[in-house]
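Here's the structure we're looking at; comments come further down.
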Protein chains: 2
Amino acid sequence: MIGVDWGTSSTRAYRLATPGEPAVGAVLERREAPAGILHIPPGGFAAALREVVGDWIAAGERRVLLAGMVGSRQGWLEAPYLACPAGLEEIAGALVPVPFVDAEVRLVPGLRAEDGTGVPEVMRGEEVQVLGVLGTGGTVDPLVCLPGSHAKWVHVEGGQVVGFKTSMTGEAYAALRRHTILGRMMEGDAAPSPAFDAGVARAAYPGGLLHHLFGARTLALFGRLSPADGASYLSGLLIGHEVTASLPEGGGRVHLVGAGPLMALYARAIALRGGMASLGDADAAARGLALIGERASWM
Amino acid sequence: MIGVDWGTSSTRAYRLATPGEPAVGAVLERREAPAGILHIPPGGFAAALREVVGDWIAAGERRVLLAGMVGSRQGWLEAPYLACPAGLEEIAGALVPVPFVDAEVRLVPGLRAEDGTGVPEVMRGEEVQVLGVLGTGGTVDPLVCLPGSHAKWVHVEGGQVVGFKTSMTGEAYAALRRHTILGRMMEGDAAPSPAFDAGVARAAYPGGLLHHLFGARTLALFGRLSPADGASYLSGLLIGHEVTASLPEGGGRVHLVGAGPLMALYARAIALRGGMASLGDADAAARGLALIGERASWM
């Protein structure tokens, strides 16, 4: 089968071993394209899908599972959010078919949760990564963190997502870095460094994030924060605030899922705030798609 | 004398009654120009000053006091920050002369404070407003708040500024409103409204500001926050977080200083968080400049 993690700005496609084949979920082939849903003209999703995986379909693949923002209001078709708690069975039973010739194409629904305060929570795409992590067979920490523009902290129990919480950390970092006075005193991007650690440590003080942001400016003004260290300090402040507000009292274990430089920053911040992070593999999305595909009722 | 509040983006000039005249500090004439320091070419400050108040100097004014970012590294000349605690006497004794013909021109130094955590605090311009409020003769609450891009909460005691705290609330609001996904679901700007109150209330919940920001998106996604209400909710979240982190335990009285629509928003947020706000007059800067000028030793 084919699994596609189709997000806002890019598309990751996997050709996956299917039930009946020896290694379910094994990635036979993979590719990435900049065909995020924001770059697709109205009515252009079928053509875009063919462009990315048309040769795999021509080679005989008949099952295509799409996850991510492609199932949002701005995507191909809106797949309604499924309420938590939800696991493999619930998600596989709620796939939304998309009109397409030559292959069966289905959308994975996103998940929604309520935290009891009247403010809903949503995810689209991260659920396949979490299910992929749960499907490794090993012990998984009950708290899974997926860093990113909209970072997710997911509570899992008995193979299901029972609830989660999103922080707009990555997007806020980009807006503050590029569009405030802070950016003018910074060169380059954030890195795991003593300046990052100092930002994380600062986040534990009272005064609030908005106050701590101004401190990045005064530290630079007084020559205590160099332009090369500025972005790391800002990143440490933001990730530090997120981790402090998301880690259980006293620390706890966190399973980190994702790839790229953010993983090292989050692992560092979690350790500094008294937690312990373990790193999941970067193929969690592919495995999650395969596991959902395995349970779906295809024609 | 002439007093000028010369900031980053604009300039407010006052012709003030001086010692010996019946009403010290009375504003005889006022004008505002878009000649903020960011718009002045290198070496162009003397010419810019003449453009704004040259006719007053020609009419006989010989004393000119400048406050605000004009005394910063990016301004006319850098006037070093004066350490807190500082009041009228200390500031009047630390004015920095600027070369100019036809008149004596002096810069008011900004203030700096340390909060004991190694992160310095600074202000430039707000100190004349605070001194102006203290100079009214009436009772002033020991906590003075000046809303703005970089909002200040100032502790005063015995006529002096003893310490203060800055939050980058206004600038963060602008960056988030204009440069994140949140802005795409908002029309217009913030207003005192039930949506603003809902944002302030949300800020009191756990989870952190970065989490609450994402909630603005999901509320809109589920039709629980209209585009017309979005900016007010975002503003309520940010000001709510600032006020919650800045108000003393249990509330307390806050003297608000400034002008414009932010004042009503801050007064509302302070009340919602259990505090009580009183509004200072908008001429605090002029009065502060007059009071400093009165104590300065002019030639």
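Residues in the structure tokens are named by chain (A, B, ... in the order shown) and by number from 1 within that chain; ligands are numbered from 1 in the order shown.
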
Counting only C-alpha atoms, which residues of chain A fall within 8 Å of chain B, and what is the closest atom pair for each with its distance in Å at one decimal, ordered by chain and rising number, as a tab-separated table?
```
residue	atom	partner	partner_atom	distance
A:Val119	CA	B:Gly215	CA	6.0
A:Pro120	CA	B:Thr218	CA	6.0
A:Glu121	CA	B:Thr218	CA	6.4
A:Val122	CA	B:Thr218	CA	7.0
A:His150	CA	B:Phe214	CA	7.6
A:Lys165	CA	B:His211	CA	7.2
A:Thr166	CA	B:His211	CA	5.6
A:Ser167	CA	B:His211	CA	3.9
A:Met168	CA	B:Leu210	CA	5.2
A:Thr169	CA	B:Leu210	CA	5.8
A:Glu171	CA	B:Thr180	CA	6.6
A:Ala172	CA	B:Leu176	CA	6.9
A:Ala175	CA	B:Ala175	CA	5.7
A:Leu176	CA	B:Ala175	CA	6.4
A:His179	CA	B:Ala175	CA	5.8
A:Thr180	CA	B:Glu171	CA	6.6
A:Pro206	CA	B:Ala245	CA	7.4
A:Gly207	CA	B:Ala245	CA	5.3
A:Gly208	CA	B:Ala245	CA	5.7
A:Leu209	CA	B:Leu209	CA	7.6
A:Leu210	CA	B:Ser167	CA	4.8
A:His211	CA	B:Ser167	CA	3.9
A:His212	CA	B:Ser167	CA	7.4
A:Leu213	CA	B:Met168	CA	6.4
A:Phe214	CA	B:Met168	CA	5.5
A:Gly215	CA	B:Val119	CA	6.0
A:Thr218	CA	B:Pro120	CA	5.9
A:Leu219	CA	B:Val119	CA	6.3
A:Phe222	CA	B:Pro120	CA	7.9
A:His241	CA	B:Gly208	CA	7.2
A:Glu242	CA	B:Leu210	CA	6.8
A:Ala245	CA	B:Gly207	CA	5.3
A:Ser246	CA	B:Gly207	CA	6.8
```

Output file for the selection above: N, CA and C atoms, as a CSV table (one decimal), in the first residue's frame:
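Output (part_15.csv):
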```csv
chain,number,residue,atom,x,y,z
A,119,VAL,N,-12.3,24.7,25.8
A,119,VAL,CA,-11.4,25.0,24.6
A,119,VAL,C,-11.0,23.7,24.0
A,120,PRO,N,-11.4,23.4,22.7
A,120,PRO,CA,-11.1,22.2,22.1
A,120,PRO,C,-9.7,22.0,21.7
A,121,GLU,N,-9.2,20.8,21.5
A,121,GLU,CA,-7.9,20.5,21.0
A,121,GLU,C,-8.0,19.7,19.7
A,122,VAL,N,-7.1,19.9,18.8
A,122,VAL,CA,-7.1,19.1,17.6
A,122,VAL,C,-5.7,18.7,17.1
A,150,HIS,N,3.4,23.7,15.9
A,150,HIS,CA,2.3,23.5,16.9
A,150,HIS,C,2.7,22.2,17.7
A,165,LYS,N,-2.4,18.1,24.3
A,165,LYS,CA,-2.3,19.5,24.5
A,165,LYS,C,-1.3,20.1,23.5
A,166,THR,N,-1.7,21.2,22.9
A,166,THR,CA,-0.9,21.8,21.8
A,166,THR,C,-0.3,23.1,22.3
A,167,SER,N,0.9,23.4,22.0
A,167,SER,CA,1.5,24.7,22.3
A,167,SER,C,2.0,25.3,20.9
A,168,MET,N,1.8,26.6,20.7
A,168,MET,CA,2.1,27.2,19.4
A,168,MET,C,3.6,27.7,19.5
A,169,THR,N,4.5,26.9,20.0
A,169,THR,CA,5.8,27.3,20.3
A,169,THR,C,6.6,27.6,19.1
A,171,GLU,N,5.7,28.3,16.0
A,171,GLU,CA,5.2,29.4,15.2
A,171,GLU,C,5.4,30.7,15.9
A,172,ALA,N,5.3,30.7,17.3
A,172,ALA,CA,5.6,31.9,18.0
A,172,ALA,C,7.0,32.3,18.0
A,175,ALA,N,7.6,34.0,14.6
A,175,ALA,CA,7.1,35.4,14.5
A,175,ALA,C,7.9,36.3,15.4
A,176,LEU,N,8.3,35.9,16.6
A,176,LEU,CA,9.1,36.8,17.4
A,176,LEU,C,10.5,37.0,16.9
A,179,HIS,N,9.9,39.1,13.5
A,179,HIS,CA,9.1,40.3,13.4
A,179,HIS,C,9.0,41.2,14.6
A,180,THR,N,10.0,41.0,15.5
A,180,THR,CA,10.1,41.9,16.7
A,180,THR,C,11.5,42.4,16.8
A,206,PRO,N,9.6,33.3,38.0
A,206,PRO,CA,8.3,34.0,37.9
A,206,PRO,C,8.4,35.2,37.0
A,207,GLY,N,7.3,35.8,36.7
A,207,GLY,CA,7.3,37.0,35.8
A,207,GLY,C,6.6,36.8,34.5
A,208,GLY,N,6.5,35.6,34.0
A,208,GLY,CA,5.8,35.3,32.8
A,208,GLY,C,6.6,35.4,31.6
A,209,LEU,N,6.2,34.7,30.5
A,209,LEU,CA,6.9,34.6,29.3
A,209,LEU,C,7.1,36.0,28.6
A,210,LEU,N,6.1,36.8,28.7
A,210,LEU,CA,6.2,38.2,28.0
A,210,LEU,C,7.2,39.0,28.7
A,211,HIS,N,7.4,38.8,30.0
A,211,HIS,CA,8.5,39.5,30.7
A,211,HIS,C,9.8,38.9,30.3
A,212,HIS,N,9.9,37.6,30.3
A,212,HIS,CA,11.2,37.0,29.9
A,212,HIS,C,11.6,37.4,28.5
A,213,LEU,N,10.7,37.6,27.6
A,213,LEU,CA,11.1,38.0,26.3
A,213,LEU,C,11.8,39.3,26.3
A,214,PHE,N,11.3,40.3,27.1
A,214,PHE,CA,12.0,41.6,27.2
A,214,PHE,C,13.4,41.4,27.8
A,215,GLY,N,13.6,40.4,28.6
A,215,GLY,CA,14.9,40.2,29.2
A,215,GLY,C,15.9,39.8,28.2
A,218,THR,N,17.2,43.1,27.0
A,218,THR,CA,18.1,43.8,27.9
A,218,THR,C,19.5,43.1,28.1
A,219,LEU,N,19.4,41.8,28.1
A,219,LEU,CA,20.7,41.0,28.2
A,219,LEU,C,21.6,41.4,27.0
A,222,PHE,N,23.1,45.0,27.4
A,222,PHE,CA,24.1,45.1,28.3
A,222,PHE,C,25.3,44.2,28.0
A,241,HIS,N,9.3,27.4,28.6
A,241,HIS,CA,8.0,27.6,29.1
A,241,HIS,C,7.0,26.5,28.7
A,242,GLU,N,7.1,26.0,27.5
A,242,GLU,CA,6.3,24.9,27.1
A,242,GLU,C,6.5,23.7,27.9
A,245,ALA,N,5.3,23.9,31.5
A,245,ALA,CA,3.8,23.9,31.7
A,245,ALA,C,3.2,22.5,31.3
A,246,SER,N,4.1,21.6,30.6
A,246,SER,CA,3.6,20.4,30.1
A,246,SER,C,4.1,19.1,30.8
```

Subject >> In segment 25-274 of chain B, DSSP strand (DSSP E) residues written as a ChimeraX atom specification >> reply: /B:27-33,63-67,82-83,86-87,96-98,104-107,111-114,120-123,143-146,151-157,160-167,252-256

Expected answer as a PDB file with N, CA and C atoms, in the first residue's frame: alpha helix (DSSP H) residues in segment 23-162 of chain A:
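Output file selection.pdb follows:
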```pdb
ATOM      1  N   PHE A  45      -5.939  18.257  -6.199  1.00  0.00           N
ATOM      2  CA  PHE A  45      -5.346  17.250  -5.310  1.00  0.00           C
ATOM      3  C   PHE A  45      -5.093  15.904  -5.998  1.00  0.00           C
ATOM      4  N   ALA A  46      -6.040  15.483  -6.855  1.00  0.00           N
ATOM      5  CA  ALA A  46      -5.853  14.193  -7.529  1.00  0.00           C
ATOM      6  C   ALA A  46      -4.604  14.246  -8.412  1.00  0.00           C
ATOM      7  N   ALA A  47      -4.467  15.340  -9.145  1.00  0.00           N
ATOM      8  CA  ALA A  47      -3.294  15.492 -10.014  1.00  0.00           C
ATOM      9  C   ALA A  47      -2.006  15.545  -9.187  1.00  0.00           C
ATOM     10  N   ALA A  48      -2.084  16.234  -8.031  1.00  0.00           N
ATOM     11  CA  ALA A  48      -0.902  16.340  -7.175  1.00  0.00           C
ATOM     12  C   ALA A  48      -0.510  14.958  -6.633  1.00  0.00           C
ATOM     13  N   LEU A  49      -1.530  14.163  -6.268  1.00  0.00           N
ATOM     14  CA  LEU A  49      -1.237  12.820  -5.757  1.00  0.00           C
ATOM     15  C   LEU A  49      -0.573  11.965  -6.841  1.00  0.00           C
ATOM     16  N   ARG A  50      -1.105  12.073  -8.064  1.00  0.00           N
ATOM     17  CA  ARG A  50      -0.516  11.325  -9.179  1.00  0.00           C
ATOM     18  C   ARG A  50       0.934  11.737  -9.420  1.00  0.00           C
ATOM     19  N   GLU A  51       1.184  13.021  -9.266  1.00  0.00           N
ATOM     20  CA  GLU A  51       2.537  13.500  -9.498  1.00  0.00           C
ATOM     21  C   GLU A  51       3.520  12.876  -8.508  1.00  0.00           C
ATOM     22  N   VAL A  52       3.062  12.705  -7.268  1.00  0.00           N
ATOM     23  CA  VAL A  52       3.968  12.189  -6.229  1.00  0.00           C
ATOM     24  C   VAL A  52       4.088  10.664  -6.282  1.00  0.00           C
ATOM     25  N   VAL A  53       2.954   9.948  -6.454  1.00  0.00           N
ATOM     26  CA  VAL A  53       2.996   8.482  -6.353  1.00  0.00           C
ATOM     27  C   VAL A  53       2.364   7.778  -7.557  1.00  0.00           C
ATOM     28  N   GLY A  54       2.157   8.508  -8.665  1.00  0.00           N
ATOM     29  CA  GLY A  54       1.503   7.930  -9.848  1.00  0.00           C
ATOM     30  C   GLY A  54       2.221   6.684 -10.367  1.00  0.00           C
ATOM     31  N   ASP A  55       3.536   6.676 -10.323  1.00  0.00           N
ATOM     32  CA  ASP A  55       4.279   5.512 -10.829  1.00  0.00           C
ATOM     33  C   ASP A  55       4.082   4.286  -9.934  1.00  0.00           C
ATOM     34  N   TRP A  56       3.917   4.503  -8.620  1.00  0.00           N
ATOM     35  CA  TRP A  56       3.663   3.361  -7.724  1.00  0.00           C
ATOM     36  C   TRP A  56       2.283   2.767  -8.018  1.00  0.00           C
ATOM     37  N   ILE A  57       1.308   3.648  -8.311  1.00  0.00           N
ATOM     38  CA  ILE A  57      -0.036   3.164  -8.659  1.00  0.00           C
ATOM     39  C   ILE A  57       0.027   2.408  -9.982  1.00  0.00           C
ATOM     40  N   ALA A  58       0.752   2.976 -10.938  1.00  0.00           N
ATOM     41  CA  ALA A  58       0.901   2.299 -12.230  1.00  0.00           C
ATOM     42  C   ALA A  58       1.578   0.941 -12.066  1.00  0.00           C
ATOM     43  N   LEU A  88      -6.012   2.562  17.136  1.00  0.00           N
ATOM     44  CA  LEU A  88      -5.960   2.035  15.773  1.00  0.00           C
ATOM     45  C   LEU A  88      -7.331   1.625  15.237  1.00  0.00           C
ATOM     46  N   GLU A  89      -8.086   0.873  16.066  1.00  0.00           N
ATOM     47  CA  GLU A  89      -9.369   0.353  15.587  1.00  0.00           C
ATOM     48  C   GLU A  89     -10.326   1.489  15.257  1.00  0.00           C
ATOM     49  N   GLU A  90     -10.410   2.466  16.162  1.00  0.00           N
ATOM     50  CA  GLU A  90     -11.345   3.586  15.963  1.00  0.00           C
ATOM     51  C   GLU A  90     -10.972   4.390  14.720  1.00  0.00           C
ATOM     52  N   ILE A  91      -9.694   4.662  14.562  1.00  0.00           N
ATOM     53  CA  ILE A  91      -9.259   5.463  13.411  1.00  0.00           C
ATOM     54  C   ILE A  91      -9.441   4.679  12.109  1.00  0.00           C
ATOM     55  N   ALA A  92      -9.049   3.392  12.113  1.00  0.00           N
ATOM     56  CA  ALA A  92      -9.200   2.579  10.899  1.00  0.00           C
ATOM     57  C   ALA A  92     -10.673   2.452  10.509  1.00  0.00           C
ATOM     58  N   GLU A 126      -0.394  14.038  13.375  1.00  0.00           N
ATOM     59  CA  GLU A 126       0.395  13.559  14.521  1.00  0.00           C
ATOM     60  C   GLU A 126      -0.138  12.227  15.036  1.00  0.00           C
ATOM     61  N   GLU A 127      -1.457  11.984  14.874  1.00  0.00           N
ATOM     62  CA  GLU A 127      -2.034  10.741  15.412  1.00  0.00           C
ATOM     63  C   GLU A 127      -1.399   9.507  14.749  1.00  0.00           C
ATOM     64  N   VAL A 128      -1.040   9.589  13.463  1.00  0.00           N
ATOM     65  CA  VAL A 128      -0.424   8.405  12.835  1.00  0.00           C
ATOM     66  C   VAL A 128       0.985   8.187  13.386  1.00  0.00           C
ATOM     67  N   GLN A 129       1.665   9.276  13.745  1.00  0.00           N
ATOM     68  CA  GLN A 129       2.991   9.117  14.354  1.00  0.00           C
ATOM     69  C   GLN A 129       2.886   8.464  15.720  1.00  0.00           C
ATOM     70  N   VAL A 130       1.912   8.922  16.508  1.00  0.00           N
ATOM     71  CA  VAL A 130       1.735   8.353  17.844  1.00  0.00           C
ATOM     72  C   VAL A 130       1.371   6.878  17.734  1.00  0.00           C
ATOM     73  N   LEU A 131       0.460   6.543  16.812  1.00  0.00           N
ATOM     74  CA  LEU A 131       0.073   5.139  16.645  1.00  0.00           C
ATOM     75  C   LEU A 131       1.257   4.310  16.162  1.00  0.00           C
ATOM     76  N   GLY A 132       2.100   4.914  15.342  1.00  0.00           N
ATOM     77  CA  GLY A 132       3.303   4.219  14.883  1.00  0.00           C
ATOM     78  C   GLY A 132       4.240   3.918  16.040  1.00  0.00           C
ATOM     79  N   VAL A 133       4.382   4.872  16.950  1.00  0.00           N
ATOM     80  CA  VAL A 133       5.221   4.663  18.130  1.00  0.00           C
ATOM     81  C   VAL A 133       4.628   3.565  19.000  1.00  0.00           C
ATOM     82  N   LEU A 134       3.300   3.624  19.220  1.00  0.00           N
ATOM     83  CA  LEU A 134       2.639   2.611  20.059  1.00  0.00           C
ATOM     84  C   LEU A 134       2.763   1.224  19.430  1.00  0.00           C
TER      85      LEU A 134
END
```

**OP:** Rank B:Asp5, B:Asp141, B:Glu114, B:Asp229 by their smallest atom-to-atom distance to Gly183 of chain B, using only C-alpha atoms, and report the top residue only.
**Re:** B:Asp229

Original post:
By how many Å are atom CA of Phe196 of chain B and atom CA of Ser235 of chain B apart?
Top reply: 6.6 Å

Original post:
Taking into account only C-alpha atoms, which residue in the set A:Ser193, A:Ser10, A:Ser72, A:Thr18 is nearest to Ser232 of chain A?
Top reply: A:Ser193

**OP:** Write out as a ChimeraX atom specification each polymer residue whose atoms come within 10 Å of Arg15 of chain B, counting only C-alpha atoms; drop sequence neighbours fewer than 5 positions from it.
**Re:** /B:1-4,25-31,53,56,61,64,286,290

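The closest residue to Gly288 of chain B, picked from B:Gly36, B:Gly125, B:Pro42, B:Pro227 and counting only C-alpha atoms, is B:Gly125.
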